[in-house]
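Next comes upload.cif, a file with mmCIF, C-alpha atoms.
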```
data_final
#
loop_
_atom_site.label_atom_id
_atom_site.label_comp_id
_atom_site.auth_asym_id
_atom_site.auth_seq_id
_atom_site.Cartn_x
_atom_site.Cartn_y
_atom_site.Cartn_z
CA MET A 1 -8.05 -2.77 -17.06
CA SER A 2 -6.07 -3.60 -20.19
CA GLU A 3 -2.48 -4.84 -19.73
CA ASN A 4 -1.37 -2.05 -22.09
CA CYS A 5 -3.41 0.65 -20.35
CA SER A 6 -1.78 4.09 -20.55
CA HIS A 7 -3.94 5.34 -17.65
CA ASP A 8 -5.10 8.21 -19.88
CA CYS A 9 -8.84 7.73 -20.38
CA SER A 10 -9.08 10.87 -22.53
CA SER A 11 -7.21 9.21 -25.40
CA CYS A 12 -8.55 5.68 -24.94
CA LYS A 13 -11.48 4.08 -26.74
CA GLU A 14 -11.69 0.96 -24.56
CA ASN A 15 -14.87 0.53 -22.53
CA CYS A 16 -13.23 -0.95 -19.45
CA SER A 17 -14.27 -0.95 -15.79
CA SER A 18 -11.78 1.82 -15.00
CA ARG A 19 -13.63 4.33 -17.17
CA ASN A 20 -16.22 6.53 -15.45
CA LYS A 21 -18.75 8.85 -17.02
CA LYS A 22 -16.56 11.68 -15.79
CA SER A 23 -13.04 10.47 -15.25
CA PHE A 24 -10.75 12.09 -12.70
CA ILE A 25 -7.89 9.71 -13.54
CA LYS A 26 -4.52 11.45 -13.70
CA THR A 27 -1.89 10.45 -16.22
CA PRO A 28 1.40 9.34 -14.61
CA HIS A 29 4.71 10.83 -15.67
CA LYS A 30 5.35 10.32 -19.38
CA LYS A 31 8.42 8.23 -18.58
CA SER A 32 6.65 6.04 -16.03
CA LYS A 33 5.68 2.47 -16.83
CA ILE A 34 3.51 0.99 -14.11
CA LYS A 35 1.69 -2.28 -14.71
CA LYS A 36 -0.26 -2.84 -11.49
CA VAL A 37 -1.23 -0.58 -8.57
CA ILE A 38 -2.50 -1.82 -5.20
CA ALA A 39 -3.56 0.42 -2.31
CA VAL A 40 -3.01 -0.83 1.24
CA VAL A 41 -5.76 0.67 3.40
CA SER A 42 -7.14 0.62 6.92
CA GLY A 43 -10.16 2.19 8.51
CA LYS A 44 -8.15 3.38 11.52
CA GLY A 45 -4.57 4.02 12.54
CA GLY A 46 -2.30 1.78 14.58
CA VAL A 47 -3.19 -1.52 12.92
CA GLY A 48 0.15 -2.09 11.18
CA LYS A 49 -0.77 -0.92 7.70
CA SER A 50 2.70 0.38 6.81
CA MET A 51 4.33 -2.80 8.14
CA THR A 52 1.97 -4.83 5.97
CA CYS A 53 2.74 -2.67 2.94
CA ALA A 54 6.50 -3.06 3.48
CA LEU A 55 6.21 -6.85 3.84
CA LEU A 56 4.10 -7.08 0.67
CA ALA A 57 6.63 -5.02 -1.29
CA SER A 58 9.47 -7.18 0.01
CA ALA A 59 7.59 -10.35 -0.96
CA ALA A 60 6.96 -9.00 -4.45
CA GLN A 61 10.56 -7.89 -4.97
CA SER A 62 12.02 -11.18 -3.73
CA GLY A 63 9.58 -12.97 -6.04
CA GLY A 64 11.12 -11.32 -9.09
CA LYS A 65 8.79 -8.34 -9.49
CA SER A 66 10.09 -4.84 -10.08
CA THR A 67 8.41 -3.21 -7.10
CA ALA A 68 7.67 0.31 -5.90
CA VAL A 69 6.06 1.86 -2.82
CA MET A 70 4.36 5.24 -2.83
CA ASP A 71 4.05 6.50 0.76
CA ALA A 72 0.78 8.47 0.67
CA ASP A 73 0.78 9.02 4.42
CA ILE A 74 2.21 12.53 4.10
CA THR A 75 1.95 13.57 7.74
CA GLY A 76 3.06 10.22 9.20
CA PRO A 77 5.52 8.67 6.73
CA SER A 78 7.34 5.55 7.92
CA ILE A 79 8.21 3.58 4.78
CA PRO A 80 11.78 4.95 4.27
CA LYS A 81 12.79 4.12 7.85
CA MET A 82 11.55 0.54 7.53
CA PHE A 83 13.71 0.05 4.45
CA GLY A 84 16.73 1.82 5.93
CA VAL A 85 16.65 4.64 3.38
CA CYS A 86 18.08 7.90 4.71
CA GLY A 87 19.08 9.75 1.54
CA ARG A 88 17.02 12.43 -0.14
CA ALA A 89 15.27 12.05 -3.47
CA THR A 90 16.92 13.63 -6.48
CA GLY A 91 15.65 14.80 -9.83
CA ASN A 92 16.57 15.89 -13.32
CA GLY A 93 15.07 18.04 -16.02
CA ASP A 94 12.32 15.48 -16.57
CA GLY A 95 11.08 14.90 -13.04
CA ILE A 96 11.69 13.47 -9.59
CA LEU A 97 13.58 10.19 -9.19
CA PRO A 98 12.52 7.77 -6.45
CA VAL A 99 15.05 6.48 -3.96
CA LYS A 100 15.84 2.77 -3.84
CA SER A 101 16.12 0.24 -1.04
CA LYS A 102 18.97 -2.26 -0.79
CA SER A 103 17.09 -4.80 -2.89
CA GLY A 104 16.05 -2.21 -5.47
CA ILE A 105 12.51 -1.35 -4.35
CA LYS A 106 11.66 2.15 -5.61
CA LEU A 107 10.35 4.45 -2.87
CA MET A 108 8.80 7.89 -2.72
CA SER A 109 7.83 9.46 0.59
CA MET A 110 7.60 12.87 2.17
CA ASN A 111 10.51 11.92 4.40
CA VAL A 112 12.92 11.68 1.46
CA LEU A 113 12.03 15.25 0.46
CA LEU A 114 12.55 16.90 3.86
CA GLU A 115 15.92 18.17 5.06
CA ASP A 116 15.08 16.83 8.53
CA GLU A 117 12.92 13.69 8.70
CA ALA A 118 11.66 14.78 12.13
CA GLU A 119 10.24 18.01 10.68
CA PRO A 120 6.43 17.99 11.01
CA VAL A 121 4.26 18.46 7.95
CA VAL A 122 1.60 20.92 9.13
CA TRP A 123 -0.54 21.24 6.02
CA ARG A 124 -4.20 21.43 5.19
CA GLY A 125 -5.94 18.56 3.42
CA SER A 126 -5.94 20.02 -0.10
CA LEU A 127 -2.17 20.55 -0.06
CA ILE A 128 -1.59 17.02 1.26
CA SER A 129 -3.80 15.53 -1.46
CA GLY A 130 -2.00 17.58 -4.10
CA THR A 131 1.36 16.25 -2.93
CA VAL A 132 0.14 12.66 -3.24
CA LEU A 133 -0.95 13.37 -6.81
CA GLN A 134 2.51 14.82 -7.54
CA PHE A 135 4.03 11.53 -6.35
CA TRP A 136 2.03 9.96 -9.19
CA THR A 137 2.41 12.58 -11.93
CA ASP A 138 5.88 14.08 -11.28
CA VAL A 139 7.90 11.06 -10.15
CA ILE A 140 9.51 8.89 -12.85
CA TRP A 141 8.41 5.35 -12.00
CA ASP A 142 10.24 3.50 -14.75
CA ASP A 143 9.53 -0.19 -15.37
CA VAL A 144 7.43 -1.01 -12.29
CA ASP A 145 5.62 -4.36 -12.30
CA ILE A 146 3.67 -3.61 -9.15
CA MET A 147 3.27 -0.50 -7.03
CA PHE A 148 1.92 -0.53 -3.48
CA ILE A 149 0.43 2.68 -2.10
CA ASP A 150 0.68 3.01 1.67
CA MET A 151 -2.46 4.99 2.41
CA PRO A 152 -3.18 7.11 5.49
CA PRO A 153 -5.89 5.61 7.72
CA GLY A 154 -9.56 6.41 7.31
CA THR A 155 -11.68 7.52 4.39
CA GLY A 156 -10.75 11.21 4.13
CA ASP A 157 -9.17 13.49 1.55
CA VAL A 158 -6.14 11.43 0.55
CA PRO A 159 -7.91 8.04 0.20
CA LEU A 160 -10.64 9.72 -1.86
CA THR A 161 -8.05 11.44 -4.05
CA VAL A 162 -6.18 8.18 -4.65
CA PHE A 163 -9.35 6.21 -5.40
CA GLN A 164 -10.54 8.84 -7.87
CA SER A 165 -7.26 9.86 -9.50
CA ILE A 166 -5.04 6.77 -9.64
CA PRO A 167 -6.13 3.66 -11.59
CA LEU A 168 -6.10 1.02 -8.86
CA ASP A 169 -6.10 -2.68 -9.66
CA GLY A 170 -7.29 -3.44 -6.13
CA VAL A 171 -7.01 -2.76 -2.42
CA ILE A 172 -5.78 -4.76 0.55
CA ILE A 173 -7.43 -4.06 3.89
CA VAL A 174 -5.45 -4.29 7.13
CA THR A 175 -7.23 -4.95 10.41
CA THR A 176 -6.74 -6.35 13.93
CA PRO A 177 -8.73 -8.91 15.96
CA GLN A 178 -10.79 -6.54 18.15
CA ASP A 179 -14.56 -6.61 17.64
CA LEU A 180 -14.65 -2.82 17.20
CA VAL A 181 -12.46 -3.12 14.12
CA GLY A 182 -15.19 -5.06 12.29
CA MET A 183 -17.17 -1.83 11.99
CA ILE A 184 -14.08 0.03 10.78
CA VAL A 185 -13.39 -2.64 8.16
CA GLN A 186 -16.97 -2.24 6.94
CA LYS A 187 -16.25 1.41 6.21
CA ALA A 188 -13.16 0.53 4.15
CA VAL A 189 -15.10 -2.16 2.28
CA ASN A 190 -17.95 0.24 1.55
CA MET A 191 -15.56 2.88 0.22
CA ALA A 192 -13.87 0.39 -2.10
CA ASN A 193 -17.26 -0.77 -3.35
CA MET A 194 -18.44 2.82 -3.87
CA MET A 195 -15.35 3.51 -5.99
CA ASN A 196 -15.66 0.22 -7.91
CA VAL A 197 -12.23 -1.00 -6.82
CA PRO A 198 -11.88 -4.75 -6.14
CA ILE A 199 -10.81 -5.92 -2.68
CA LEU A 200 -7.96 -8.36 -3.25
CA GLY A 201 -7.44 -9.53 0.31
CA ILE A 202 -7.50 -8.78 4.01
CA VAL A 203 -4.64 -9.00 6.52
CA GLU A 204 -5.26 -9.38 10.24
CA ASN A 205 -2.26 -7.98 12.08
CA MET A 206 -1.43 -8.85 15.72
CA SER A 207 -3.58 -11.93 15.23
CA TYR A 208 -1.73 -14.07 17.75
CA ILE A 209 1.56 -14.64 19.53
CA LYS A 210 3.34 -17.97 19.47
CA CYS A 211 4.51 -19.38 22.79
CA PRO A 212 8.33 -19.72 22.59
CA THR A 213 8.21 -22.86 24.74
CA CYS A 214 5.37 -24.98 23.37
CA GLY A 215 4.56 -23.22 20.11
CA ARG A 216 0.88 -22.74 20.99
CA LYS A 217 -0.83 -19.76 19.34
CA ILE A 218 -2.22 -17.35 21.94
CA SER A 219 -4.92 -14.86 20.87
CA VAL A 220 -3.79 -11.85 22.89
CA PHE A 221 -6.51 -9.52 21.59
CA GLY A 222 -9.30 -12.08 21.44
CA ASP A 223 -10.37 -14.66 18.91
CA SER A 224 -9.77 -13.87 15.27
CA GLY A 225 -12.73 -12.62 13.32
CA VAL A 226 -10.99 -12.14 9.99
CA ASP A 227 -12.27 -15.34 8.39
CA ALA A 228 -15.86 -14.39 9.15
CA LEU A 229 -15.25 -10.86 7.83
CA ALA A 230 -13.74 -12.21 4.64
CA LEU A 231 -16.63 -14.61 4.13
CA GLU A 232 -19.18 -11.87 4.75
CA HIS A 233 -17.64 -9.61 2.11
CA GLY A 234 -16.55 -12.25 -0.39
CA ILE A 235 -12.83 -11.61 0.13
CA LYS A 236 -10.85 -14.60 -1.12
CA ALA A 237 -7.32 -14.03 0.23
CA VAL A 238 -6.76 -13.88 4.00
CA ALA A 239 -3.54 -13.61 6.03
CA LYS A 240 -2.87 -13.52 9.76
CA LEU A 241 0.24 -11.72 11.00
CA PRO A 242 1.46 -12.65 14.49
CA ILE A 243 2.98 -10.38 17.10
CA ASP A 244 6.60 -11.09 16.26
CA PRO A 245 9.44 -9.16 17.95
CA ASP A 246 11.67 -9.95 14.97
CA LEU A 247 9.34 -8.00 12.67
CA THR A 248 9.42 -4.98 14.98
CA LYS A 249 13.20 -5.17 15.29
CA ALA A 250 13.64 -5.42 11.52
CA ALA A 251 11.35 -2.45 10.89
CA ASP A 252 13.01 -0.29 13.54
CA SER A 253 16.49 -1.07 12.23
CA GLY A 254 15.60 -0.47 8.56
CA LYS A 255 15.91 -4.13 7.60
CA ILE A 256 12.32 -5.07 6.84
CA GLU A 257 13.23 -6.53 3.45
CA GLU A 258 15.84 -8.77 5.09
CA ILE A 259 13.37 -10.52 7.40
CA GLN A 260 13.85 -14.28 7.23
CA ASN A 261 10.19 -15.19 7.74
CA ASN A 262 7.98 -13.01 5.57
CA TYR A 263 4.51 -14.10 6.61
CA LEU A 264 2.91 -12.48 3.56
CA THR A 265 4.77 -14.30 0.76
CA THR A 266 2.00 -16.85 0.20
CA PHE A 267 -0.64 -14.14 0.58
CA PHE A 268 1.06 -12.03 -2.10
CA ASP A 269 1.22 -15.00 -4.45
CA LYS A 270 -2.56 -15.43 -4.08
CA ILE A 271 -3.44 -11.81 -4.83
CA ASN A 272 -0.91 -11.65 -7.65
CA SER A 273 -2.50 -14.63 -9.36
CA ARG A 274 -5.90 -12.97 -9.10
CA MET A 275 -4.67 -9.92 -11.03
CA LYS A 276 -3.25 -11.83 -13.99
#
```

Turn the structure described in the file into structure tokens.
Amino acid sequence: MSENCSHDCSSCKENCSSRNKKSFIKTPHKKSKIKKVIAVVSGKGGVGKSMTCALLASAAQSGGKSTAVMDADITGPSIPKMFGVCGRATGNGDGILPVKSKSGIKLMSMNVLLEDEAEPVVWRGSLISGTVLQFWTDVIWDDVDIMFIDMPPGTGDVPLTVFQSIPLDGVIIVTTPQDLVGMIVQKAVNMANMMNVPILGIVENMSYIKCPTCGRKISVFGDSGVDALALEHGIKAVAKLPIDPDLTKAADSGKIEEIQNNYLTTFFDKINSRMK
């Protein structure tokens, strides 16, 4: 994708990899300026995808990037809580304005549009997918160096809509050490390959716990298989997140961007260099 890509294939003459014979790419808001877009995906729920997305956004912002997070998990949004954002999104005559975290990360999530964040979103798939597209087309994402999209788990309506309609520069897959997850990762890899979106890296969450006494790494859920998975699929960047009570505490208290030890800083630097 060209650095100056407008994300509007209908008016572009470039023959880049993002162009399909029949393009479903949607143009972002006319006042948006988004340079890079990365989807954070998982084949199943409960693997720490949103935590990973929040840590990646924090690493990017602290590294000097103007960062945004689009929470595409409409029925299970958790991004605002992790960043301690309680206010509702506002708008003007031009469009919707994202909320901002303490460090300035731009956020859009279903939870900042509801009067009560505990209100359930009981919608059918088409309406959910349409809302995700509105986060792209109706929200004014001004001057964003890198946007992370926190995807819902699986390979259903919303992931398909995002892969087809938003020009992704790559995906990051989140997994856990269990053997069963290898099959689930394969599904996520196959979907990315089907949609011609590069896989930038893989993060194994809950990879180990460090003994507070001796510092030995204990594989609570079995030996890590992420290196073998990465090798099998040609994925260059790998990270292993431990079970760390400080991470959980920071997320629960809305202070994820204030965490002292962001385990994904080096990982982000690797994937960022690959996109340049």

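Nearest-residue note for Phe163 (chain A): choosing from A:Ala39, A:Asp71, A:Lys33, A:Gly234, the minimum distance belongs to A:Ala39, counting all atoms listed in the file.
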
Protein, DNA and RNA residues within 12 Å of (-9.2, 9.2, -0.1), all atoms listed in the file, as number ranges by chain:
A: 39-43, 72-73, 125-126, 128-130, 132-133, 149-166, 188, 191-192, 194-195

To test your reading of the syntax: which residues would the PyMOL selection byres ((chain A and resi 28) around 10) return for the file shown? Reply as a ChimeraX atom specification.
/A:6-8,25-27,29-34,133-141,166-167

Which residues fall under the PyMOL selection byres ((chain A and resi 182) around 12) in this file, as an MDAnalysis selection string?
chainID A and resid 42:44 173:181 183:189 202 204 224:230 232:233

Between CA of Ser62 (chain A) and CA of Asp169 (chain A), measure the distance and give it in Å to one decimal.
20.9 Å

Chain and number of each residue from the PyMOL selection byres ((chain A and resi 207) around 8), as a ChimeraX atom specification:
/A:176-177,204-206,208-209,219-221,224,240-243

Return the single residue from A:Val203, A:Thr67, A:Pro120, A:Asn262 that is closest to Asp142 (chain A), with distances computed using all atoms listed in the file.
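Looking only at the distances to Asp142 (chain A), the closest residue turns out to be A:Thr67.
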
Could you add whatever atoms are missing so that region 146-169 of chain A carries N, CA, C and O atoms, then write the result as a PDB file, keeping the file's coordinate frame?
```
ATOM      1  N   ILE A 146       4.737  -3.773 -10.133  1.00  0.00           N
ATOM      2  CA  ILE A 146       3.670  -3.610  -9.150  1.00  0.00           C
ATOM      3  C   ILE A 146       4.023  -2.506  -8.167  1.00  0.00           C
ATOM      4  O   ILE A 146       5.139  -2.469  -7.642  1.00  0.00           O
ATOM      5  N   MET A 147       3.092  -1.591  -7.981  1.00  0.00           N
ATOM      6  CA  MET A 147       3.270  -0.500  -7.030  1.00  0.00           C
ATOM      7  C   MET A 147       2.275  -0.674  -5.882  1.00  0.00           C
ATOM      8  O   MET A 147       1.087  -0.903  -6.099  1.00  0.00           O
ATOM      9  N   PHE A 148       2.779  -0.550  -4.658  1.00  0.00           N
ATOM     10  CA  PHE A 148       1.920  -0.530  -3.480  1.00  0.00           C
ATOM     11  C   PHE A 148       1.827   0.908  -2.984  1.00  0.00           C
ATOM     12  O   PHE A 148       2.834   1.602  -2.910  1.00  0.00           O
ATOM     13  N   ILE A 149       0.623   1.344  -2.665  1.00  0.00           N
ATOM     14  CA  ILE A 149       0.430   2.680  -2.100  1.00  0.00           C
ATOM     15  C   ILE A 149       0.068   2.527  -0.633  1.00  0.00           C
ATOM     16  O   ILE A 149      -0.962   1.939  -0.290  1.00  0.00           O
ATOM     17  N   ASP A 150       0.934   3.031   0.236  1.00  0.00           N
ATOM     18  CA  ASP A 150       0.680   3.010   1.670  1.00  0.00           C
ATOM     19  C   ASP A 150      -0.210   4.201   2.002  1.00  0.00           C
ATOM     20  O   ASP A 150       0.237   5.342   2.036  1.00  0.00           O
ATOM     21  N   MET A 151      -1.484   3.923   2.236  1.00  0.00           N
ATOM     22  CA  MET A 151      -2.460   4.990   2.410  1.00  0.00           C
ATOM     23  C   MET A 151      -2.523   5.449   3.870  1.00  0.00           C
ATOM     24  O   MET A 151      -2.278   4.655   4.792  1.00  0.00           O
ATOM     25  N   PRO A 152      -2.902   6.693   4.113  1.00  0.00           N
ATOM     26  CA  PRO A 152      -3.180   7.110   5.490  1.00  0.00           C
ATOM     27  C   PRO A 152      -4.471   6.432   5.944  1.00  0.00           C
ATOM     28  O   PRO A 152      -5.295   6.029   5.115  1.00  0.00           O
ATOM     29  N   PRO A 153      -4.672   6.286   7.248  1.00  0.00           N
ATOM     30  CA  PRO A 153      -5.890   5.610   7.720  1.00  0.00           C
ATOM     31  C   PRO A 153      -7.146   6.424   7.463  1.00  0.00           C
ATOM     32  O   PRO A 153      -7.095   7.644   7.285  1.00  0.00           O
ATOM     33  N   GLY A 154      -8.278   5.729   7.437  1.00  0.00           N
ATOM     34  CA  GLY A 154      -9.560   6.410   7.310  1.00  0.00           C
ATOM     35  C   GLY A 154     -10.032   6.529   5.874  1.00  0.00           C
ATOM     36  O   GLY A 154      -9.493   5.914   4.950  1.00  0.00           O
ATOM     37  N   THR A 155     -11.055   7.362   5.705  1.00  0.00           N
ATOM     38  CA  THR A 155     -11.680   7.520   4.390  1.00  0.00           C
ATOM     39  C   THR A 155     -11.775   9.000   4.016  1.00  0.00           C
ATOM     40  O   THR A 155     -12.777   9.454   3.450  1.00  0.00           O
ATOM     41  N   GLY A 156     -10.743   9.757   4.343  1.00  0.00           N
ATOM     42  CA  GLY A 156     -10.750  11.210   4.130  1.00  0.00           C
ATOM     43  C   GLY A 156     -10.213  11.647   2.786  1.00  0.00           C
ATOM     44  O   GLY A 156     -10.307  10.947   1.776  1.00  0.00           O
ATOM     45  N   ASP A 157      -9.591  12.831   2.791  1.00  0.00           N
ATOM     46  CA  ASP A 157      -9.170  13.490   1.550  1.00  0.00           C
ATOM     47  C   ASP A 157      -8.224  12.648   0.700  1.00  0.00           C
ATOM     48  O   ASP A 157      -8.434  12.473  -0.502  1.00  0.00           O
ATOM     49  N   VAL A 158      -7.148  12.146   1.324  1.00  0.00           N
ATOM     50  CA  VAL A 158      -6.140  11.430   0.550  1.00  0.00           C
ATOM     51  C   VAL A 158      -6.686  10.112  -0.014  1.00  0.00           C
ATOM     52  O   VAL A 158      -6.520   9.837  -1.210  1.00  0.00           O
ATOM     53  N   PRO A 159      -7.339   9.255   0.791  1.00  0.00           N
ATOM     54  CA  PRO A 159      -7.910   8.040   0.200  1.00  0.00           C
ATOM     55  C   PRO A 159      -8.871   8.343  -0.951  1.00  0.00           C
ATOM     56  O   PRO A 159      -8.845   7.671  -1.982  1.00  0.00           O
ATOM     57  N   LEU A 160      -9.707   9.371  -0.785  1.00  0.00           N
ATOM     58  CA  LEU A 160     -10.640   9.720  -1.860  1.00  0.00           C
ATOM     59  C   LEU A 160      -9.887  10.173  -3.103  1.00  0.00           C
ATOM     60  O   LEU A 160     -10.232   9.785  -4.229  1.00  0.00           O
ATOM     61  N   THR A 161      -8.847  10.973  -2.919  1.00  0.00           N
ATOM     62  CA  THR A 161      -8.050  11.440  -4.050  1.00  0.00           C
ATOM     63  C   THR A 161      -7.395  10.272  -4.784  1.00  0.00           C
ATOM     64  O   THR A 161      -7.420  10.202  -6.021  1.00  0.00           O
ATOM     65  N   VAL A 162      -6.829   9.336  -4.032  1.00  0.00           N
ATOM     66  CA  VAL A 162      -6.180   8.180  -4.650  1.00  0.00           C
ATOM     67  C   VAL A 162      -7.194   7.317  -5.386  1.00  0.00           C
ATOM     68  O   VAL A 162      -6.969   6.911  -6.539  1.00  0.00           O
ATOM     69  N   PHE A 163      -8.333   7.049  -4.771  1.00  0.00           N
ATOM     70  CA  PHE A 163      -9.350   6.210  -5.400  1.00  0.00           C
ATOM     71  C   PHE A 163      -9.875   6.844  -6.687  1.00  0.00           C
ATOM     72  O   PHE A 163     -10.169   6.146  -7.654  1.00  0.00           O
ATOM     73  N   GLN A 164      -9.993   8.162  -6.700  1.00  0.00           N
ATOM     74  CA  GLN A 164     -10.540   8.840  -7.870  1.00  0.00           C
ATOM     75  C   GLN A 164      -9.501   9.110  -8.958  1.00  0.00           C
ATOM     76  O   GLN A 164      -9.844   9.121 -10.133  1.00  0.00           O
ATOM     77  N   SER A 165      -8.248   9.329  -8.565  1.00  0.00           N
ATOM     78  CA  SER A 165      -7.260   9.860  -9.500  1.00  0.00           C
ATOM     79  C   SER A 165      -6.214   8.877  -9.978  1.00  0.00           C
ATOM     80  O   SER A 165      -5.528   9.128 -10.971  1.00  0.00           O
ATOM     81  N   ILE A 166      -6.046   7.763  -9.258  1.00  0.00           N
ATOM     82  CA  ILE A 166      -5.040   6.770  -9.640  1.00  0.00           C
ATOM     83  C   ILE A 166      -5.735   5.470  -9.999  1.00  0.00           C
ATOM     84  O   ILE A 166      -6.584   4.997  -9.236  1.00  0.00           O
ATOM     85  N   PRO A 167      -5.437   4.888 -11.150  1.00  0.00           N
ATOM     86  CA  PRO A 167      -6.130   3.660 -11.590  1.00  0.00           C
ATOM     87  C   PRO A 167      -5.687   2.448 -10.772  1.00  0.00           C
ATOM     88  O   PRO A 167      -4.670   1.824 -11.061  1.00  0.00           O
ATOM     89  N   LEU A 168      -6.451   2.125  -9.753  1.00  0.00           N
ATOM     90  CA  LEU A 168      -6.100   1.020  -8.860  1.00  0.00           C
ATOM     91  C   LEU A 168      -6.575  -0.313  -9.417  1.00  0.00           C
ATOM     92  O   LEU A 168      -7.693  -0.433  -9.923  1.00  0.00           O
ATOM     93  N   ASP A 169      -5.718  -1.317  -9.284  1.00  0.00           N
ATOM     94  CA  ASP A 169      -6.100  -2.680  -9.660  1.00  0.00           C
ATOM     95  C   ASP A 169      -6.746  -3.404  -8.489  1.00  0.00           C
ATOM     96  O   ASP A 169      -7.319  -4.480  -8.669  1.00  0.00           O
TER      97      ASP A 169
END
```
